[in-house]
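Structure file start-v9.pdb; described as PDB, C-alpha atoms.
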ATOM      1  CA  MET F   1      25.555 -23.353  -1.187  1.00  0.00           C
ATOM      2  CA  SER F   2      27.815 -25.906  -2.923  1.00  0.00           C
ATOM      3  CA  LEU F   3      29.985 -28.505  -1.270  1.00  0.00           C
ATOM      4  CA  LYS F   4      33.473 -27.177  -0.500  1.00  0.00           C
ATOM      5  CA  LEU F   5      36.176 -29.830  -0.513  1.00  0.00           C
ATOM      6  CA  THR F   6      39.643 -29.705   1.013  1.00  0.00           C
ATOM      7  CA  ARG F   7      40.587 -32.987  -0.671  1.00  0.00           C
ATOM      8  CA  PRO F   8      38.954 -35.202  -3.309  1.00  0.00           C
ATOM      9  CA  LEU F   9      35.739 -37.024  -2.420  1.00  0.00           C
ATOM     10  CA  ALA F  10      35.291 -40.382  -4.185  1.00  0.00           C
ATOM     11  CA  PHE F  11      31.801 -41.861  -4.458  1.00  0.00           C
ATOM     12  CA  ILE F  12      31.912 -45.651  -4.720  1.00  0.00           C
ATOM     13  CA  ASP F  13      29.204 -47.984  -5.959  1.00  0.00           C
ATOM     14  CA  LEU F  14      29.545 -51.747  -6.359  1.00  0.00           C
ATOM     15  CA  GLU F  15      27.474 -54.370  -8.104  1.00  0.00           C
ATOM     16  CA  THR F  16      28.223 -57.792  -6.678  1.00  0.00           C
ATOM     17  CA  THR F  17      27.455 -61.487  -6.665  1.00  0.00           C
ATOM     18  CA  GLY F  18      25.578 -61.028  -3.384  1.00  0.00           C
ATOM     19  CA  ILE F  19      25.709 -59.304  -0.003  1.00  0.00           C
ATOM     20  CA  ASN F  20      27.924 -61.615   2.072  1.00  0.00           C
ATOM     21  CA  LEU F  21      31.128 -59.727   2.887  1.00  0.00           C
ATOM     22  CA  SER F  22      33.082 -62.941   3.399  1.00  0.00           C
ATOM     23  CA  THR F  23      32.133 -64.847   0.263  1.00  0.00           C
ATOM     24  CA  ASP F  24      30.719 -62.502  -2.375  1.00  0.00           C
ATOM     25  CA  ARG F  25      32.694 -60.637  -5.012  1.00  0.00           C
ATOM     26  CA  ILE F  26      32.520 -57.448  -7.063  1.00  0.00           C
ATOM     27  CA  VAL F  27      31.260 -57.695 -10.666  1.00  0.00           C
ATOM     28  CA  GLU F  28      31.214 -53.962 -11.383  1.00  0.00           C
ATOM     29  CA  ILE F  29      32.831 -51.005  -9.679  1.00  0.00           C
ATOM     30  CA  ALA F  30      32.301 -47.356 -10.433  1.00  0.00           C
ATOM     31  CA  ILE F  31      34.108 -44.524  -8.702  1.00  0.00           C
ATOM     32  CA  VAL F  32      33.048 -40.947  -9.298  1.00  0.00           C
ATOM     33  CA  LYS F  33      35.806 -38.758  -7.873  1.00  0.00           C
ATOM     34  CA  ILE F  34      35.111 -35.074  -7.312  1.00  0.00           C
ATOM     35  CA  THR F  35      38.271 -33.013  -7.087  1.00  0.00           C
ATOM     36  CA  VAL F  36      38.784 -29.986  -4.854  1.00  0.00           C
ATOM     37  CA  GLU F  37      38.148 -27.842  -7.940  1.00  0.00           C
ATOM     38  CA  GLY F  38      34.831 -29.613  -8.602  1.00  0.00           C
ATOM     39  CA  GLU F  39      36.042 -31.674 -11.561  1.00  0.00           C
ATOM     40  CA  LYS F  40      34.378 -35.074 -12.030  1.00  0.00           C
ATOM     41  CA  GLN F  41      36.662 -38.039 -12.759  1.00  0.00           C
ATOM     42  CA  VAL F  42      35.151 -41.468 -13.412  1.00  0.00           C
ATOM     43  CA  LYS F  43      36.625 -44.949 -13.210  1.00  0.00           C
ATOM     44  CA  ARG F  44      34.303 -47.830 -14.068  1.00  0.00           C
ATOM     45  CA  LYS F  45      35.151 -51.481 -14.587  1.00  0.00           C
ATOM     46  CA  LEU F  46      33.346 -54.759 -15.115  1.00  0.00           C
ATOM     47  CA  LEU F  47      35.150 -57.498 -13.175  1.00  0.00           C
ATOM     48  CA  ASN F  48      35.293 -61.260 -13.409  1.00  0.00           C
ATOM     49  CA  PRO F  49      34.377 -62.427  -9.884  1.00  0.00           C
ATOM     50  CA  GLU F  50      35.860 -65.891 -10.514  1.00  0.00           C
ATOM     51  CA  MET F  51      32.607 -67.418  -9.317  1.00  0.00           C
ATOM     52  CA  PRO F  52      29.108 -67.800 -10.826  1.00  0.00           C
ATOM     53  CA  ILE F  53      26.820 -64.770 -10.547  1.00  0.00           C
ATOM     54  CA  PRO F  54      23.517 -65.934  -9.023  1.00  0.00           C
ATOM     55  CA  LYS F  55      20.452 -65.253 -11.155  1.00  0.00           C
ATOM     56  CA  THR F  56      18.882 -63.337  -8.258  1.00  0.00           C
ATOM     57  CA  SER F  57      21.800 -60.894  -8.403  1.00  0.00           C
ATOM     58  CA  SER F  58      21.828 -60.684 -12.209  1.00  0.00           C
ATOM     59  CA  ASP F  59      18.109 -59.889 -12.115  1.00  0.00           C
ATOM     60  CA  ILE F  60      18.932 -56.803 -10.030  1.00  0.00           C
ATOM     61  CA  HIS F  61      21.977 -55.348 -11.797  1.00  0.00           C
ATOM     62  CA  GLY F  62      21.727 -57.011 -15.204  1.00  0.00           C
ATOM     63  CA  ILE F  63      25.288 -58.365 -15.207  1.00  0.00           C
ATOM     64  CA  THR F  64      25.674 -61.996 -16.267  1.00  0.00           C
ATOM     65  CA  ASP F  65      28.490 -64.540 -16.323  1.00  0.00           C
ATOM     66  CA  GLU F  66      28.761 -64.092 -20.089  1.00  0.00           C
ATOM     67  CA  MET F  67      29.284 -60.345 -19.718  1.00  0.00           C
ATOM     68  CA  VAL F  68      32.251 -60.723 -17.345  1.00  0.00           C
ATOM     69  CA  LYS F  69      33.924 -63.912 -18.597  1.00  0.00           C
ATOM     70  CA  ASP F  70      36.643 -61.906 -20.382  1.00  0.00           C
ATOM     71  CA  ALA F  71      36.765 -59.056 -17.860  1.00  0.00           C
ATOM     72  CA  PRO F  72      39.798 -58.573 -15.591  1.00  0.00           C
ATOM     73  CA  THR F  73      39.779 -59.959 -12.069  1.00  0.00           C
ATOM     74  CA  PHE F  74      39.989 -57.706  -9.040  1.00  0.00           C
ATOM     75  CA  LYS F  75      43.564 -58.877  -8.529  1.00  0.00           C
ATOM     76  CA  GLN F  76      44.459 -57.452 -11.936  1.00  0.00           C
ATOM     77  CA  VAL F  77      42.960 -54.004 -11.271  1.00  0.00           C
ATOM     78  CA  GLY F  78      43.187 -53.696  -7.487  1.00  0.00           C
ATOM     79  CA  ASN F  79      46.331 -51.577  -7.433  1.00  0.00           C
ATOM     80  CA  GLU F  80      44.912 -49.244 -10.098  1.00  0.00           C
ATOM     81  CA  ILE F  81      41.785 -48.729  -7.989  1.00  0.00           C
ATOM     82  CA  LYS F  82      43.854 -48.186  -4.859  1.00  0.00           C
ATOM     83  CA  GLN F  83      45.921 -45.508  -6.604  1.00  0.00           C
ATOM     84  CA  PHE F  84      42.785 -43.790  -7.932  1.00  0.00           C
ATOM     85  CA  LEU F  85      41.514 -43.517  -4.348  1.00  0.00           C
ATOM     86  CA  GLU F  86      44.771 -42.178  -2.888  1.00  0.00           C
ATOM     87  CA  HIS F  87      44.288 -39.132  -0.630  1.00  0.00           C
ATOM     88  CA  CYS F  88      40.479 -39.271  -1.081  1.00  0.00           C
ATOM     89  CA  ASP F  89      37.665 -39.156   1.401  1.00  0.00           C
ATOM     90  CA  LEU F  90      35.060 -41.782   0.526  1.00  0.00           C
ATOM     91  CA  GLY F  91      31.347 -41.416  -0.124  1.00  0.00           C
ATOM     92  CA  GLY F  92      28.463 -43.547  -1.266  1.00  0.00           C
ATOM     93  CA  TYR F  93      24.958 -44.720  -0.523  1.00  0.00           C
ATOM     94  CA  ASN F  94      24.940 -47.236   2.340  1.00  0.00           C
ATOM     95  CA  SER F  95      28.656 -47.330   1.632  1.00  0.00           C
ATOM     96  CA  ASN F  96      29.775 -47.562   5.266  1.00  0.00           C
ATOM     97  CA  ARG F  97      27.942 -50.862   5.652  1.00  0.00           C
ATOM     98  CA  PHE F  98      28.435 -52.451   2.246  1.00  0.00           C
ATOM     99  CA  ASP F  99      30.459 -50.888  -0.566  1.00  0.00           C
ATOM    100  CA  ILE F 100      33.514 -49.842   1.457  1.00  0.00           C
ATOM    101  CA  PRO F 101      33.612 -53.028   3.594  1.00  0.00           C
ATOM    102  CA  LEU F 102      33.392 -55.256   0.507  1.00  0.00           C
ATOM    103  CA  LEU F 103      36.019 -53.205  -1.334  1.00  0.00           C
ATOM    104  CA  MET F 104      38.257 -53.560   1.735  1.00  0.00           C
ATOM    105  CA  GLU F 105      37.731 -57.341   1.679  1.00  0.00           C
ATOM    106  CA  GLU F 106      38.704 -57.532  -1.986  1.00  0.00           C
ATOM    107  CA  MET F 107      41.861 -55.512  -1.268  1.00  0.00           C
ATOM    108  CA  LEU F 108      42.832 -57.776   1.614  1.00  0.00           C
ATOM    109  CA  ARG F 109      42.194 -60.950  -0.413  1.00  0.00           C
ATOM    110  CA  ILE F 110      44.889 -59.925  -2.893  1.00  0.00           C
ATOM    111  CA  GLY F 111      47.284 -58.692  -0.213  1.00  0.00           C
ATOM    112  CA  LEU F 112      46.817 -54.947  -0.740  1.00  0.00           C
ATOM    113  CA  GLU F 113      46.827 -52.744   2.350  1.00  0.00           C
ATOM    114  CA  PHE F 114      44.175 -50.072   1.901  1.00  0.00           C
ATOM    115  CA  ASP F 115      44.830 -47.526   4.635  1.00  0.00           C
ATOM    116  CA  MET F 116      41.635 -46.028   6.063  1.00  0.00           C
ATOM    117  CA  LYS F 117      43.383 -43.834   8.629  1.00  0.00           C
ATOM    118  CA  GLY F 118      42.439 -40.187   8.250  1.00  0.00           C
ATOM    119  CA  ARG F 119      39.825 -40.847   5.571  1.00  0.00           C
ATOM    120  CA  ARG F 120      36.405 -39.331   6.218  1.00  0.00           C
ATOM    121  CA  LEU F 121      33.414 -41.437   5.217  1.00  0.00           C
ATOM    122  CA  VAL F 122      30.306 -39.657   3.934  1.00  0.00           C
ATOM    123  CA  ASP F 123      27.393 -42.074   3.719  1.00  0.00           C
ATOM    124  CA  VAL F 124      24.646 -40.177   1.901  1.00  0.00           C
ATOM    125  CA  GLN F 125      22.080 -42.732   3.075  1.00  0.00           C
ATOM    126  CA  LYS F 126      22.722 -41.639   6.662  1.00  0.00           C
ATOM    127  CA  ILE F 127      21.828 -38.049   5.780  1.00  0.00           C
ATOM    128  CA  PHE F 128      18.770 -39.187   3.850  1.00  0.00           C
ATOM    129  CA  HIS F 129      17.511 -41.465   6.616  1.00  0.00           C
ATOM    130  CA  LEU F 130      18.199 -38.800   9.202  1.00  0.00           C
ATOM    131  CA  MET F 131      16.315 -36.150   7.255  1.00  0.00           C
ATOM    132  CA  GLU F 132      13.736 -37.914   5.098  1.00  0.00           C
ATOM    133  CA  GLN F 133      13.691 -41.745   5.475  1.00  0.00           C
ATOM    134  CA  ARG F 134      13.680 -42.924   1.813  1.00  0.00           C
ATOM    135  CA  THR F 135      15.602 -45.028  -0.807  1.00  0.00           C
ATOM    136  CA  LEU F 136      18.132 -43.876  -3.448  1.00  0.00           C
ATOM    137  CA  SER F 137      15.622 -43.624  -6.318  1.00  0.00           C
ATOM    138  CA  ALA F 138      13.198 -41.744  -4.080  1.00  0.00           C
ATOM    139  CA  ALA F 139      16.057 -39.583  -2.791  1.00  0.00           C
ATOM    140  CA  TYR F 140      17.008 -38.668  -6.352  1.00  0.00           C
ATOM    141  CA  LYS F 141      13.412 -37.754  -7.174  1.00  0.00           C
ATOM    142  CA  PHE F 142      12.968 -35.858  -3.904  1.00  0.00           C
ATOM    143  CA  TYR F 143      16.213 -33.873  -3.942  1.00  0.00           C
ATOM    144  CA  CYS F 144      16.960 -33.562  -7.657  1.00  0.00           C
ATOM    145  CA  ASN F 145      13.377 -33.650  -9.002  1.00  0.00           C
ATOM    146  CA  LYS F 146      14.424 -36.172 -11.649  1.00  0.00           C
ATOM    147  CA  ASN F 147      13.692 -39.846 -12.215  1.00  0.00           C
ATOM    148  CA  LEU F 148      16.721 -42.096 -11.794  1.00  0.00           C
ATOM    149  CA  GLU F 149      17.098 -43.784 -15.184  1.00  0.00           C
ATOM    150  CA  GLY F 150      19.319 -46.853 -15.193  1.00  0.00           C
ATOM    151  CA  ALA F 151      19.240 -47.521 -11.434  1.00  0.00           C
ATOM    152  CA  HIS F 152      21.524 -50.397 -10.335  1.00  0.00           C
ATOM    153  CA  GLY F 153      24.119 -49.428 -12.910  1.00  0.00           C
ATOM    154  CA  ALA F 154      27.158 -48.671 -10.780  1.00  0.00           C
ATOM    155  CA  GLU F 155      28.185 -45.406 -12.486  1.00  0.00           C
ATOM    156  CA  VAL F 156      24.580 -44.175 -12.622  1.00  0.00           C
ATOM    157  CA  ASP F 157      24.086 -44.873  -8.919  1.00  0.00           C
ATOM    158  CA  ALA F 158      27.424 -43.340  -7.880  1.00  0.00           C
ATOM    159  CA  THR F 159      26.773 -40.186  -9.931  1.00  0.00           C
ATOM    160  CA  ALA F 160      23.229 -39.930  -8.562  1.00  0.00           C
ATOM    161  CA  THR F 161      24.623 -40.213  -5.037  1.00  0.00           C
ATOM    162  CA  TRP F 162      26.954 -37.258  -5.652  1.00  0.00           C
ATOM    163  CA  GLU F 163      24.068 -35.201  -7.063  1.00  0.00           C
ATOM    164  CA  VAL F 164      21.906 -36.079  -4.042  1.00  0.00           C
ATOM    165  CA  LEU F 165      24.653 -34.934  -1.649  1.00  0.00           C
ATOM    166  CA  GLU F 166      24.995 -31.639  -3.531  1.00  0.00           C
ATOM    167  CA  ALA F 167      21.215 -31.151  -3.263  1.00  0.00           C
ATOM    168  CA  GLN F 168      21.246 -32.068   0.445  1.00  0.00           C
ATOM    169  CA  VAL F 169      23.901 -29.426   1.107  1.00  0.00           C
ATOM    170  CA  GLN F 170      21.662 -26.897  -0.665  1.00  0.00           C
ATOM    171  CA  ARG F 171      18.529 -27.973   1.226  1.00  0.00           C
ATOM    172  CA  TYR F 172      19.891 -28.338   4.761  1.00  0.00           C
ATOM    173  CA  PRO F 173      21.992 -25.358   5.892  1.00  0.00           C
ATOM    174  CA  GLN F 174      22.718 -27.203   9.148  1.00  0.00           C
ATOM    175  CA  LEU F 175      24.921 -29.605   7.174  1.00  0.00           C
ATOM    176  CA  GLY F 176      27.332 -26.821   6.254  1.00  0.00           C
ATOM    177  CA  ASP F 177      29.308 -27.075   3.048  1.00  0.00           C
ATOM    178  CA  THR F 178      32.345 -29.141   3.968  1.00  0.00           C
ATOM    179  CA  VAL F 179      32.905 -32.837   4.641  1.00  0.00           C
ATOM    180  CA  GLU F 180      33.922 -31.919   8.177  1.00  0.00           C
ATOM    181  CA  SER F 181      30.690 -30.026   8.869  1.00  0.00           C
ATOM    182  CA  ILE F 182      28.569 -32.857   7.400  1.00  0.00           C
ATOM    183  CA  ILE F 183      30.262 -35.438   9.629  1.00  0.00           C
ATOM    184  CA  LYS F 184      29.757 -33.164  12.642  1.00  0.00           C
ATOM    185  CA  CYS F 185      26.037 -32.932  11.843  1.00  0.00           C
ATOM    186  CA  ILE F 186      25.271 -36.594  11.089  1.00  0.00           C
ATOM    187  CA  GLY F 187      27.801 -38.132  13.467  1.00  0.00           C
ATOM    188  CA  ASP F 188      30.988 -40.039  12.731  1.00  0.00           C
ATOM    189  CA  ASP F 189      30.693 -43.830  12.773  1.00  0.00           C
ATOM    190  CA  GLN F 190      33.220 -45.253  15.221  1.00  0.00           C
ATOM    191  CA  ILE F 191      34.047 -48.249  13.064  1.00  0.00           C
ATOM    192  CA  VAL F 192      36.252 -51.009  14.441  1.00  0.00           C
ATOM    193  CA  ASP F 193      35.571 -53.578  11.711  1.00  0.00           C
ATOM    194  CA  PHE F 194      33.212 -52.982   8.828  1.00  0.00           C
ATOM    195  CA  ALA F 195      31.153 -56.097   9.559  1.00  0.00           C
ATOM    196  CA  ARG F 196      30.509 -54.599  13.005  1.00  0.00           C
ATOM    197  CA  ARG F 197      31.414 -57.714  14.919  1.00  0.00           C
ATOM    198  CA  PHE F 198      33.135 -55.240  17.247  1.00  0.00           C
ATOM    199  CA  VAL F 199      31.916 -51.819  18.325  1.00  0.00           C
ATOM    200  CA  MET F 200      33.388 -49.018  20.394  1.00  0.00           C
ATOM    201  CA  GLU F 201      31.863 -48.559  23.845  1.00  0.00           C
ATOM    202  CA  ASN F 202      33.379 -45.851  26.012  1.00  0.00           C
ATOM    203  CA  GLY F 203      36.493 -45.914  23.869  1.00  0.00           C
ATOM    204  CA  VAL F 204      36.981 -49.688  24.164  1.00  0.00           C
ATOM    205  CA  GLU F 205      36.599 -52.314  21.426  1.00  0.00           C
ATOM    206  CA  THR F 206      33.709 -54.539  22.488  1.00  0.00           C
ATOM    207  CA  PHE F 207      32.145 -57.692  21.078  1.00  0.00           C
ATOM    208  CA  ASN F 208      28.894 -57.033  19.212  1.00  0.00           C
ATOM    209  CA  PHE F 209      27.787 -60.646  18.791  1.00  0.00           C
ATOM    210  CA  GLY F 210      27.713 -64.054  20.444  1.00  0.00           C
ATOM    211  CA  LYS F 211      28.202 -65.117  24.020  1.00  0.00           C
ATOM    212  CA  TYR F 212      30.626 -62.268  24.758  1.00  0.00           C
ATOM    213  CA  LYS F 213      28.457 -59.485  23.349  1.00  0.00           C
ATOM    214  CA  GLY F 214      29.059 -56.319  25.373  1.00  0.00           C
ATOM    215  CA  LYS F 215      32.395 -57.530  26.773  1.00  0.00           C
ATOM    216  CA  PRO F 216      35.733 -55.880  25.912  1.00  0.00           C
ATOM    217  CA  VAL F 217      37.587 -57.829  23.236  1.00  0.00           C
ATOM    218  CA  ALA F 218      40.933 -57.529  25.000  1.00  0.00           C
ATOM    219  CA  ASP F 219      39.521 -58.941  28.240  1.00  0.00           C
ATOM    220  CA  VAL F 220      38.079 -61.962  26.446  1.00  0.00           C
ATOM    221  CA  LEU F 221      41.345 -62.609  24.596  1.00  0.00           C
ATOM    222  CA  LYS F 222      43.198 -62.541  27.920  1.00  0.00           C
ATOM    223  CA  SER F 223      40.825 -64.933  29.691  1.00  0.00           C
ATOM    224  CA  GLU F 224      40.012 -67.203  26.736  1.00  0.00           C
ATOM    225  CA  PRO F 225      42.796 -67.021  24.130  1.00  0.00           C
ATOM    226  CA  GLN F 226      41.304 -69.974  22.214  1.00  0.00           C
ATOM    227  CA  TYR F 227      38.439 -67.667  21.204  1.00  0.00           C
ATOM    228  CA  TYR F 228      40.925 -65.872  18.954  1.00  0.00           C
ATOM    229  CA  ASP F 229      41.764 -69.160  17.197  1.00  0.00           C
ATOM    230  CA  TRP F 230      38.067 -69.962  16.791  1.00  0.00           C
ATOM    231  CA  MET F 231      37.382 -66.624  15.132  1.00  0.00           C
ATOM    232  CA  MET F 232      40.441 -66.792  12.883  1.00  0.00           C
ATOM    233  CA  LYS F 233      39.325 -70.222  11.616  1.00  0.00           C
ATOM    234  CA  GLY F 234      35.695 -69.137  11.306  1.00  0.00           C
ATOM    235  CA  ASP F 235      33.741 -67.601   8.434  1.00  0.00           C
ATOM    236  CA  PHE F 236      34.424 -64.003   9.423  1.00  0.00           C
ATOM    237  CA  PRO F 237      35.455 -61.218   7.008  1.00  0.00           C
ATOM    238  CA  LEU F 238      39.189 -60.679   6.595  1.00  0.00           C
ATOM    239  CA  HIS F 239      38.888 -57.132   7.912  1.00  0.00           C
ATOM    240  CA  THR F 240      37.308 -58.467  11.135  1.00  0.00           C
ATOM    241  CA  LYS F 241      40.186 -60.928  11.531  1.00  0.00           C
ATOM    242  CA  GLN F 242      42.715 -58.171  10.821  1.00  0.00           C
ATOM    243  CA  LYS F 243      41.266 -55.967  13.573  1.00  0.00           C
ATOM    244  CA  LEU F 244      41.055 -58.920  15.992  1.00  0.00           C
ATOM    245  CA  THR F 245      44.758 -59.598  15.410  1.00  0.00           C
ATOM    246  CA  GLU F 246      45.604 -55.925  15.992  1.00  0.00           C
ATOM    247  CA  ILE F 247      43.745 -55.996  19.321  1.00  0.00           C
ATOM    248  CA  LEU F 248      45.502 -59.250  20.303  1.00  0.00           C
ATOM    249  CA  LYS F 249      48.951 -57.850  19.508  1.00  0.00           C
ATOM    250  CA  ARG F 250      48.176 -54.694  21.476  1.00  0.00           C
ATOM    251  CA  THR F 251      46.978 -56.794  24.395  1.00  0.00           C
ATOM    252  CA  LEU F 252      50.125 -58.936  24.358  1.00  0.00           C
ATOM    253  CA  LEU F 253      52.330 -55.845  24.303  1.00  0.00           C
ATOM    254  CA  LYS F 254      50.573 -54.507  27.381  1.00  0.00           C
ATOM    255  CA  LYS F 255      51.098 -57.817  29.170  1.00  0.00           C
ATOM    256  CA  GLY F 256      54.790 -57.716  28.287  1.00  0.00           C
TER
END
Conversion result in structure tokens:
Amino acid sequence: MSLKLTRPLAFIDLETTGINLSTDRIVEIAIVKITVEGEKQVKRKLLNPEMPIPKTSSDIHGITDEMVKDAPTFKQVGNEIKQFLEHCDLGGYNSNRFDIPLLMEEMLRIGLEFDMKGRRLVDVQKIFHLMEQRTLSAAYKFYCNKNLEGAHGAEVDATATWEVLEAQVQRYPQLGDTVESIIKCIGDDQIVDFARRFVMENGVETFNFGKYKGKPVADVLKSEPQYYDWMMKGDFPLHTKQKLTEILKRTLLKKG
């Protein structure tokens, strides 16, 4: 059984300066897009993050300041990446919690609106953890019976992730062979903001941190509007602030 696609599925892998969604930047991006016909299209770029790459990060992915000093910035390639991802569902390994949120942050920093509405997100790590509880290199060995050479190279990791998903579809009939059937099996993340400062509880956006954890966001904004100002001035990801503003505007419209 091979994966049947009704629209392209783009596997994204990022190498970065670190793991903080608010402050870290992309130094390499690879997108492996699988078309409905099964054709593989690759876009890979080294990027100048406009900040020093910590040695601890370089030790992992092998990318140094010297390697990216003449590379384009995300601002210079952002629109090209956005266009490459048009009409695609998105996949990756731990991508729902890191790669996609950080890509969204980079888009917002340069003023690009990257519409997530209608996109289905296939996080291969979720399937792996649900079924086997392992890491990407182990997943590749387990499912594909091959050693992952060149791990932590963005294109290598993104391609390996696609191969793992193909092998998972073969191994687990309960997944089905479409993106829709996979999401139905593993569950669809109800994402409010990618940093998960808010979560959905009974269909309502709810705080997932701090003194108002568990309380509806709209209720808090009504009773303590200064909390909105505090968050907007704070060190929260841009996507979190964007969603907070959307909830505030919706709340104000209801009051009117």
* Name the residues in contact with region 145-159 of chain F at a cut-off of 8 Å, using all atoms listed in the file, excluding same-chain residues fewer than 2 positions from it; report them as a PyMOL selection string. => chain F and resi 11-15+28-32+44+60-61+92-93+137+140-143+161-163
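Here CA of His239 (chain F) is placed at a distance of 17.2 Å from CA of Ala218 (chain F).
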Need to verify the contact set: region 72-80 of chain F, 7 Å, all atoms listed in the file, exclusion of same-chain residues closer than 6 positions in sequence. Can you return it as a PDB file with C-alpha atoms, in the frame of the given file?
ATOM      1  CA  LEU F  47      35.150 -57.498 -13.175  1.00  0.00           C
ATOM      2  CA  ASN F  48      35.293 -61.260 -13.409  1.00  0.00           C
ATOM      3  CA  PRO F  49      34.377 -62.427  -9.884  1.00  0.00           C
ATOM      4  CA  MET F 107      41.861 -55.512  -1.268  1.00  0.00           C
ATOM      5  CA  ILE F 110      44.889 -59.925  -2.893  1.00  0.00           C
TER       6      ILE F 110
END
- prompt: Applied to this file, what does the PyMOL selection byres ((chain F and resi 198-200) around 12) return in terms of residues, put as a PyMOL selection string?
  reply: chain F and resi 189-197+201-210+212-218+236+239-244+247
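For the pair CA of Leu21 (chain F) and CA of Ser57 (chain F), the interatomic distance is 14.7 Å.
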Here's the selection I'm unsure about, the PyMOL selection byres ((chain F and resi 19) around 12); applied to the file above, which residues does it give, as an MDAnalysis selection string? chainID F and resid 14:18 20:26 53:54 56:57 97:99 101:102 195
Determine, counting only C-alpha atoms, which protein, DNA and RNA residues have an atom within 10 Å of an atom of Lys55 (chain F); residues of the same chain fewer than 6 positions away are not included. Present the result as JSON, numbers by chain.
{"F": [17, 62, 63, 64, 65]}
Let me know the residues the PyMOL selection byres ((chain F and resi 37) around 10) catches in the file above, as a list in words.
-> Lys4, Leu5, Thr6, Arg7, Pro8, Ile34, Thr35, Val36, Gly38, Glu39 and Lys40 of chain F
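With only C-alpha atoms as the atoms that count, the residue of F:Leu253, F:Ile186, F:Ala139, F:Met104 with the shortest distance to Glu166 (chain F) is F:Ala139.
Between CA of Asp235 (chain F) and CA of Glu105 (chain F) there is a distance of 12.9 Å.
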**Item:** Exercise: Asn94 (chain F) partners within 6 Å, all atoms listed in the file, chain neighbours under 2 positions left out, as a PyMOL selection string
**Value:** chain F and resi 96-97+123+125
Between F:Pro52, F:Ser181, F:Thr251, F:Leu238, smallest distance to Ser223 (chain F) by only C-alpha atoms belongs to F:Thr251
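Using all atoms listed in the file, the nearest neighbour of Phe84 (chain F) within the list F:Lys43, F:Lys126, F:Arg119, F:Lys184 is F:Lys43.
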